[in-house]
Every structure is written in C-alpha cells, then in structure tokens.
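Chemist: First, the structure itself, so that you have it in front of you.
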Amino acid sequence: MAALYGGIEGGGTQSTVLLLSEDGRILAEADGLSTNHWVIGADECVERINEMVNRAKRKAGVDPLVPLRSLGLALAGGEQGDTVRLLLESLKSRFPHLSESYVITTDAAGSVATAVPDGGIVLISGTGSNCRLINPDGSESGCGGWGHMIGDDGSAYWIAHQAVKIVFDSMDNLKAAPHDIGYIKQAMFNYFHVQDRQGILTHLHRDFDKGRFAGFCRPIAEGAQQGDPLSQYIFRKAGEILGRHIVAVLPQIDPILFQQQMGLPIVCVGSVWKSWELLREGFLSALIKGRESQAQNSFSRFTLMKLRQSSALGGASLGAKNIGHLLPMDYKTNVVAFYSYTFSDGAGPSCTPSNPQTQTARDSSKNNVANDRGGAKQADDFICRVPAR
C-alpha cells in the first residue's frame, strides 16, 4: 500500500481534510463541521477529525484501518501547548488506526505552509481578525485574534459594530458622525428587519449571533461601492487597523523574509479582503507610517496573496516534514498574488496599474484575484512606490 499523507484545515464553521500521495498529488478531499476545540470541546473535536479522515480514506479507496503515514492538523488554537497534548493523546489512544504520526499547529501556520516555502504573515479578516507571523525557523508571533469582546479589529464584525455605534452615537447626540448617517441607518434597519433602534437591541443581547451581526458588513461594503462617504470611511479605518497589525509584528520578522523577490509575503484570508479596494488607502497609510518607526529601509516591498487551495495542504506538508518526508508543493498554483507594493525614493507616493511598457519591477503582466479558494478573475497588478524616509 502506497503511503498516504493527510492534512486538516480546522475552521470555525467548517473543516477540510486532504489526503495526498507521496509525490504530492491530492487523492481525496472531505469537508466537515467545525473542529474549533474552544467551541466544541476536545472530545468532539477528535471525533470529527476521525470521521472526516475515514471518509476521505474511503474516497481514496483505502481501508480506514490502514493508518496514514502522517496527519498535519492546522487548527485554530493550535498554539496552546496543554490543549495540543490533550488532543494528541486522545487521537492516539482512541483512534490507533487513524495515523502513524501527528503534528498539530496553528491555522496560520497551515496557511503560510500552503502559500510559501519559507514563512510569511497570515492576516485574517473574516468574521473575526488575526495576524500571525511564521518565521523561517517555525517560530510564531502575532497580533490580535482575541475575539470580538476585546479584539477582531478590522474584521467584518468590527466594521458592522463601528457602523451601528456611529449611528447610535449620532442619534443620541453623543458624538458627531464623520459623515451623514442616512444610508447606514436605513441599511441597518433593513438588514435586521426592524423599524427603529429599539428593535436592534434584541440582536445585540438576547438573540446575539456574531456571524449574523458580522453579516451587516456586506451592505456597508455595497454602500461604500456606491459612494456613501460614511461606509467608505469605515472601510478606510478597517484597512488602517489591518495595516497596523502588520506593523505590530515587524520587529519580530526574520530579515530573510524582507529579502525575497516578492518582498514580505502576506497571505490574506477572509471575506473582507474581497473589498480590498475599499481597504487599500487605510492599509497603505498604516504601513507607510509604521515602516518608518519599526522596520525602516529593511522593509522595502510586500506582496498580498490569497489561497487557491485549502490550508489543509500546508498542514499535510508540515506533517510529512515532521517525519522527514518533503511533499512536493507547487506554490504558484496554491496562491494568487493580487497586489504588490514597493517603497522607494521618489517625489511622492503613487499607485498605478502596472503596464508592461512602463513597469520597472514586475515579472508578469497580469495577476489573478482569487474569489476565496476557487475560480479567479483577471485584474491589474499594481506596482506602487513611495519615498524612502
């Protein structure tokens, strides 16, 4: 029986398992429910892992009693030592035929391992937000990821919360809104199917659902695209805060990551990145300011990219590497770079669509912007230059 290597992307709402051959071919894929042990508990987490992997084995034509050579699990909360030990012990004792070896790491590490060979940054902005740096030696540091009560800045939840609060504060005459609240006020009533602010209270307390509340981000994005100044303002602020997450980890970055041809690789995960054009101004502003104080000229370029494959692929790679096997990875097909920015001397900041006749720093004429993991659409790449300070 040929060796099989498994990887799991453990998401907050759903999970994915991939089974790979020793030459890196994907043989089977299976989806399942959330494997976030903080929410469902360790026992339920390992039950779901076992069920998904066995389902994938059957799809690959493999007897579930034949163990995988390795299983790499990229899970939310995978950096918690005590919990990792508990999960490993439970997997080995309860499901001895599941896999011969295991590696449990963070969801961020799985994303980076899918995208690039030598480390980088994962910047998540979906329902919540998080920023994790993975250095070439495997060491991690991060900013955010503490949940909506004290974190999730720049996320869909944060954007929705900011919009609602601006409306409430303006109507209370507590704080003047930076722009007219008319569009967001009506969009808020429409989205939550209420007639006034009193009706919103149910959604903030008794029937609070973080995902549902975060969904209000969508009509705000639509308003911004239609030209509503307040919606655009909130997205600019979200972009700025996401940029400050990058600035926060700059001092911990191995200088090798700055020296790659693409510059610092930043893997963008989450649906808020679909509104990149609304985030861009604030994001760049934060990085330009932060670069001056945190990284200076060593930080000369960065590239934003989106995954086209599940981070379970990176999990499988890390699991195989742990037992001395290097799974072949075609990184160019795993991700799509959708934006590049270069800091350099010049008269002032600029950002224009790249042109093969005038470009000075790019390798290809077009890049793809991925819609999450699946199909992509063509879009202009950007080569942006600002003065070195």
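In the structure tokens, chains take letters A, B, ... by order of appearance, with residues numbered from 1 within each chain and ligands from 1 in the order shown.
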Set out as a Markdown table a contact list for stretch 20-112 of chain A and stretch 308-312 of chain A with a cut-off of 9 Å, giving each residue of stretch 20-112 of chain A that qualifies its closest atom pair and distance in Å to one decimal, counting only C-alpha atoms, ordered by chain and rising residue number.

Modeler:
| residue | atom | partner | partner_atom | distance |
| --- | --- | --- | --- | --- |
| A:Gly72 | CA | A:Ala312 | CA | 7.8 |
| A:Leu73 | CA | A:Ala312 | CA | 7.3 |
| A:Ala74 | CA | A:Ala312 | CA | 6.7 |
| A:Asp107 | CA | A:Ser311 | CA | 7.5 |
| A:Ala108 | CA | A:Ser311 | CA | 8.5 |
| A:Ala109 | CA | A:Ser311 | CA | 8.6 |
| A:Gly110 | CA | A:Ser311 | CA | 5.0 |
| A:Ser111 | CA | A:Ser311 | CA | 4.7 |
| A:Val112 | CA | A:Ser311 | CA | 7.9 |

Chemist: For the residues in the current selection, export C-alpha atoms as a PDB file, in the first residue's frame.

Modeler:
ATOM      1  CA  GLY A  72      -0.874  17.533   9.976  1.00  0.00           C
ATOM      2  CA  LEU A  73      -3.638  19.488  11.664  1.00  0.00           C
ATOM      3  CA  ALA A  74      -3.772  23.253  11.161  1.00  0.00           C
ATOM      4  CA  ASP A 107      -4.365  27.581  11.229  1.00  0.00           C
ATOM      5  CA  ALA A 108      -1.977  30.413  10.368  1.00  0.00           C
ATOM      6  CA  ALA A 109       0.969  28.042  10.016  1.00  0.00           C
ATOM      7  CA  GLY A 110      -1.091  25.868   7.693  1.00  0.00           C
ATOM      8  CA  SER A 111      -1.954  28.848   5.510  1.00  0.00           C
ATOM      9  CA  VAL A 112       1.664  30.011   5.249  1.00  0.00           C
TER      10      VAL A 112
END

Chemist: Using only C-alpha atoms, what table do you get, as a tab-separated table, when you list each residue of stretch 118-175 of chain A with an atom no more than 9 Å from stretch 258-271 of chain A, its nearest pair of atoms, and their distance in Å rounded to one decimal, rows by chain then rising number?

Modeler:
residue	atom	partner	partner_atom	distance
A:Gly119	CA	A:Pro265	CA	8.0
A:Gly120	CA	A:Pro265	CA	5.2
A:Ile121	CA	A:Ile266	CA	4.7
A:Val122	CA	A:Val267	CA	4.7
A:Leu123	CA	A:Cys268	CA	5.1
A:Ile124	CA	A:Val269	CA	4.6
A:Ser125	CA	A:Gly270	CA	4.8
A:Gly126	CA	A:Gly270	CA	4.0
A:Thr127	CA	A:Gly270	CA	7.6
A:Gly128	CA	A:Gly270	CA	8.6
A:Ser129	CA	A:Gly270	CA	8.4
A:Ser155	CA	A:Gly270	CA	8.7
A:Ala156	CA	A:Ser271	CA	8.1

Chemist: Filtering to N, CA, C and O atoms, could you give me those residues as a short mmCIF file (atom, residue, chain, number, x, y, z; two decimals), in the first residue's frame?

Modeler:
data_model
loop_
_atom_site.label_atom_id
_atom_site.label_comp_id
_atom_site.auth_asym_id
_atom_site.auth_seq_id
_atom_site.Cartn_x
_atom_site.Cartn_y
_atom_site.Cartn_z
N GLY A 119 8.07 30.80 5.13
CA GLY A 119 7.46 31.63 6.14
C GLY A 119 6.88 32.92 5.58
O GLY A 119 7.14 33.30 4.43
N GLY A 120 6.11 33.59 6.40
CA GLY A 120 5.45 34.83 5.99
C GLY A 120 4.43 35.23 7.03
O GLY A 120 4.46 34.76 8.17
N ILE A 121 3.50 36.07 6.63
CA ILE A 121 2.45 36.56 7.53
C ILE A 121 1.10 36.12 7.01
O ILE A 121 0.85 36.14 5.80
N VAL A 122 0.23 35.73 7.92
CA VAL A 122 -1.17 35.50 7.60
C VAL A 122 -1.98 36.61 8.27
O VAL A 122 -1.85 36.83 9.48
N LEU A 123 -2.77 37.32 7.48
CA LEU A 123 -3.62 38.38 8.01
C LEU A 123 -5.07 38.01 7.72
O LEU A 123 -5.50 38.02 6.55
N ILE A 124 -5.78 37.66 8.77
CA ILE A 124 -7.15 37.18 8.64
C ILE A 124 -8.12 38.32 8.89
O ILE A 124 -8.00 39.04 9.89
N SER A 125 -9.07 38.49 7.99
CA SER A 125 -10.17 39.43 8.21
C SER A 125 -11.43 38.82 7.61
O SER A 125 -11.75 39.01 6.44
N GLY A 126 -12.10 38.06 8.44
CA GLY A 126 -13.37 37.46 8.08
C GLY A 126 -14.38 37.91 9.11
O GLY A 126 -14.49 39.10 9.40
N THR A 127 -15.11 36.97 9.70
CA THR A 127 -15.99 37.33 10.81
C THR A 127 -15.19 37.99 11.91
O THR A 127 -15.58 39.00 12.48
N GLY A 128 -14.02 37.40 12.22
CA GLY A 128 -13.07 37.98 13.17
C GLY A 128 -11.78 38.34 12.45
O GLY A 128 -11.70 38.30 11.23
N SER A 129 -10.76 38.71 13.22
CA SER A 129 -9.48 39.06 12.61
C SER A 129 -8.34 38.52 13.46
O SER A 129 -8.49 38.27 14.66
N SER A 155 -12.18 43.47 11.29
CA SER A 155 -12.94 42.32 10.76
C SER A 155 -14.32 42.76 10.30
O SER A 155 -14.73 43.92 10.47
N ALA A 156 -15.07 41.81 9.74
CA ALA A 156 -16.45 42.09 9.37
C ALA A 156 -17.27 42.47 10.60
O ALA A 156 -18.12 43.37 10.54
#

Chemist: Excluding same-chain residues fewer than 6 positions from A:Ala187, what lies within 9 Å of it counting only C-alpha atoms, as JSON, numbers by chain?

Modeler: {"A": [216, 219, 220, 223]}

Chemist: Taking only C-alpha atoms into account, which of A:Phe343, A:Phe235, A:Phe302, A:Tyr102 comes nearest A:Leu68?

Modeler: A:Tyr102

Chemist: Would you kindly return, as a count of residues only, each protein, DNA or RNA residue with an atom no farther than 12 Å from any atom of A:Gly144, considering only C-alpha atoms and excluding same-chain residues fewer than 3 positions away?

Modeler: 27

Chemist: Between atom CA of A:Ile184 and atom CA of A:Gly243, what is the distance in Å, rounded to a tenth?

Modeler: 24.6 Å

Chemist: Identify which of the residues A:Asp254, A:Asp63, A:Glu292, A:Asp228 lies closest to A:Leu278, counting only C-alpha atoms when measuring atom-to-atom distances.

Modeler: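 Ranked by minimum distance to A:Leu278, first place goes to A:Asp228.
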
Chemist: Between atom CA of A:Arg85 and atom CA of A:Gln252, measure the distance and give it in Å to one decimal.

Modeler: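 Computed distance, atom CA of A:Arg85 to atom CA of A:Gln252, equals 26.6 Å.
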
Chemist: Could you pull out the residues in stretch 171-333 of chain A that DSSP calls strand (DSSP E) from the backbone, as a list in words?

Modeler: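 Answer for stretch 171-333 of chain A restricted to strand (DSSP E) is Leu264, Pro265, Ile266, Val267, Cys268, Val269, Arg301, Phe302, Thr303, Leu304, Met305, Lys306 and Leu307 of chain A.
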
Chemist: Rounded to one decimal, what separation in Å do you get between atom CA of A:Phe192 and atom CA of A:Ala221?

Modeler: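 Separation of atom CA of A:Phe192 and atom CA of A:Ala221: 16.1 Å.
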
Chemist: Run DSSP on the backbone and tell me which residues of stretch 1-169 of chain A come out as helix (DSSP H, G or I); list them as a PyMOL selection string.

Modeler: chain A and resi 37-40+42-59+81-94+107-115+156-169

Chemist: Pick out the residues sitting within 6 Å of A:Gly282, and hand them over as JSON, numbers by chain; count only C-alpha atoms, and ignore anything fewer than 4 positions along from it in its own chain.

Modeler: {"A": [236, 237, 239, 240]}

Chemist: Write out as a PDB file with all heavy atoms, in the first residue's frame each polymer residue whose atoms come within 9 Å of A:Ala160, counting only C-alpha atoms; drop sequence neighbours fewer than 6 positions from it.

Modeler:
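The result, written out as selection_3.pdb:
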ATOM      1  N   PHE A 213     -24.408  39.135  13.007  1.00  0.00           N
ATOM      2  CA  PHE A 213     -24.115  40.554  13.190  1.00  0.00           C
ATOM      3  C   PHE A 213     -23.030  40.993  12.207  1.00  0.00           C
ATOM      4  O   PHE A 213     -23.130  42.049  11.582  1.00  0.00           O
ATOM      5  CB  PHE A 213     -23.679  40.818  14.631  1.00  0.00           C
ATOM      6  CG  PHE A 213     -23.602  42.271  14.986  1.00  0.00           C
ATOM      7  CD1 PHE A 213     -24.717  42.946  15.443  1.00  0.00           C
ATOM      8  CD2 PHE A 213     -22.413  42.969  14.848  1.00  0.00           C
ATOM      9  CE1 PHE A 213     -24.662  44.296  15.759  1.00  0.00           C
ATOM     10  CE2 PHE A 213     -22.335  44.319  15.160  1.00  0.00           C
ATOM     11  CZ  PHE A 213     -23.460  44.988  15.620  1.00  0.00           C
ATOM     12  N   ALA A 214     -22.007  40.159  12.058  1.00  0.00           N
ATOM     13  CA  ALA A 214     -20.914  40.485  11.142  1.00  0.00           C
ATOM     14  C   ALA A 214     -21.393  40.581   9.707  1.00  0.00           C
ATOM     15  O   ALA A 214     -20.802  41.304   8.884  1.00  0.00           O
ATOM     16  CB  ALA A 214     -19.802  39.436  11.248  1.00  0.00           C
ATOM     17  N   GLY A 215     -22.472  39.872   9.379  1.00  0.00           N
ATOM     18  CA  GLY A 215     -23.011  39.916   8.028  1.00  0.00           C
ATOM     19  C   GLY A 215     -23.490  41.290   7.606  1.00  0.00           C
ATOM     20  O   GLY A 215     -23.646  41.556   6.398  1.00  0.00           O
ATOM     21  N   PHE A 216     -23.712  42.180   8.566  1.00  0.00           N
ATOM     22  CA  PHE A 216     -24.102  43.553   8.234  1.00  0.00           C
ATOM     23  C   PHE A 216     -22.983  44.272   7.487  1.00  0.00           C
ATOM     24  O   PHE A 216     -23.194  45.322   6.877  1.00  0.00           O
ATOM     25  CB  PHE A 216     -24.485  44.313   9.513  1.00  0.00           C
ATOM     26  CG  PHE A 216     -24.925  45.731   9.289  1.00  0.00           C
ATOM     27  CD1 PHE A 216     -25.813  46.064   8.276  1.00  0.00           C
ATOM     28  CD2 PHE A 216     -24.440  46.757  10.090  1.00  0.00           C
ATOM     29  CE1 PHE A 216     -26.212  47.375   8.064  1.00  0.00           C
ATOM     30  CE2 PHE A 216     -24.833  48.065   9.892  1.00  0.00           C
ATOM     31  CZ  PHE A 216     -25.719  48.379   8.874  1.00  0.00           C
ATOM     32  N   CYS A 217     -21.780  43.704   7.513  1.00  0.00           N
ATOM     33  CA  CYS A 217     -20.656  44.265   6.763  1.00  0.00           C
ATOM     34  C   CYS A 217     -20.960  44.322   5.265  1.00  0.00           C
ATOM     35  O   CYS A 217     -20.499  45.240   4.563  1.00  0.00           O
ATOM     36  CB  CYS A 217     -19.405  43.423   7.022  1.00  0.00           C
ATOM     37  SG  CYS A 217     -17.927  43.973   6.151  1.00  0.00           S
ATOM     38  N   ARG A 218     -21.726  43.363   4.781  1.00  0.00           N
ATOM     39  CA  ARG A 218     -21.985  43.311   3.338  1.00  0.00           C
ATOM     40  C   ARG A 218     -22.720  44.552   2.821  1.00  0.00           C
ATOM     41  O   ARG A 218     -22.265  45.178   1.856  1.00  0.00           O
ATOM     42  CB  ARG A 218     -22.760  42.045   2.983  1.00  0.00           C
ATOM     43  CG  ARG A 218     -23.024  41.890   1.478  1.00  0.00           C
ATOM     44  CD  ARG A 218     -23.855  40.665   1.194  1.00  0.00           C
ATOM     45  NE  ARG A 218     -23.153  39.443   1.544  1.00  0.00           N
ATOM     46  CZ  ARG A 218     -22.307  38.810   0.741  1.00  0.00           C
ATOM     47  NH1 ARG A 218     -22.053  39.294  -0.461  1.00  0.00           N
ATOM     48  NH2 ARG A 218     -21.726  37.708   1.134  1.00  0.00           N
ATOM     49  N   ILE A 220     -22.757  47.415   4.115  1.00  0.00           N
ATOM     50  CA  ILE A 220     -21.851  48.557   4.282  1.00  0.00           C
ATOM     51  C   ILE A 220     -20.876  48.608   3.111  1.00  0.00           C
ATOM     52  O   ILE A 220     -20.595  49.676   2.560  1.00  0.00           O
ATOM     53  CB  ILE A 220     -21.100  48.460   5.625  1.00  0.00           C
ATOM     54  CG1 ILE A 220     -22.089  48.439   6.791  1.00  0.00           C
ATOM     55  CG2 ILE A 220     -20.132  49.635   5.787  1.00  0.00           C
ATOM     56  CD1 ILE A 220     -21.459  48.099   8.127  1.00  0.00           C
TER      57      ILE A 220
END
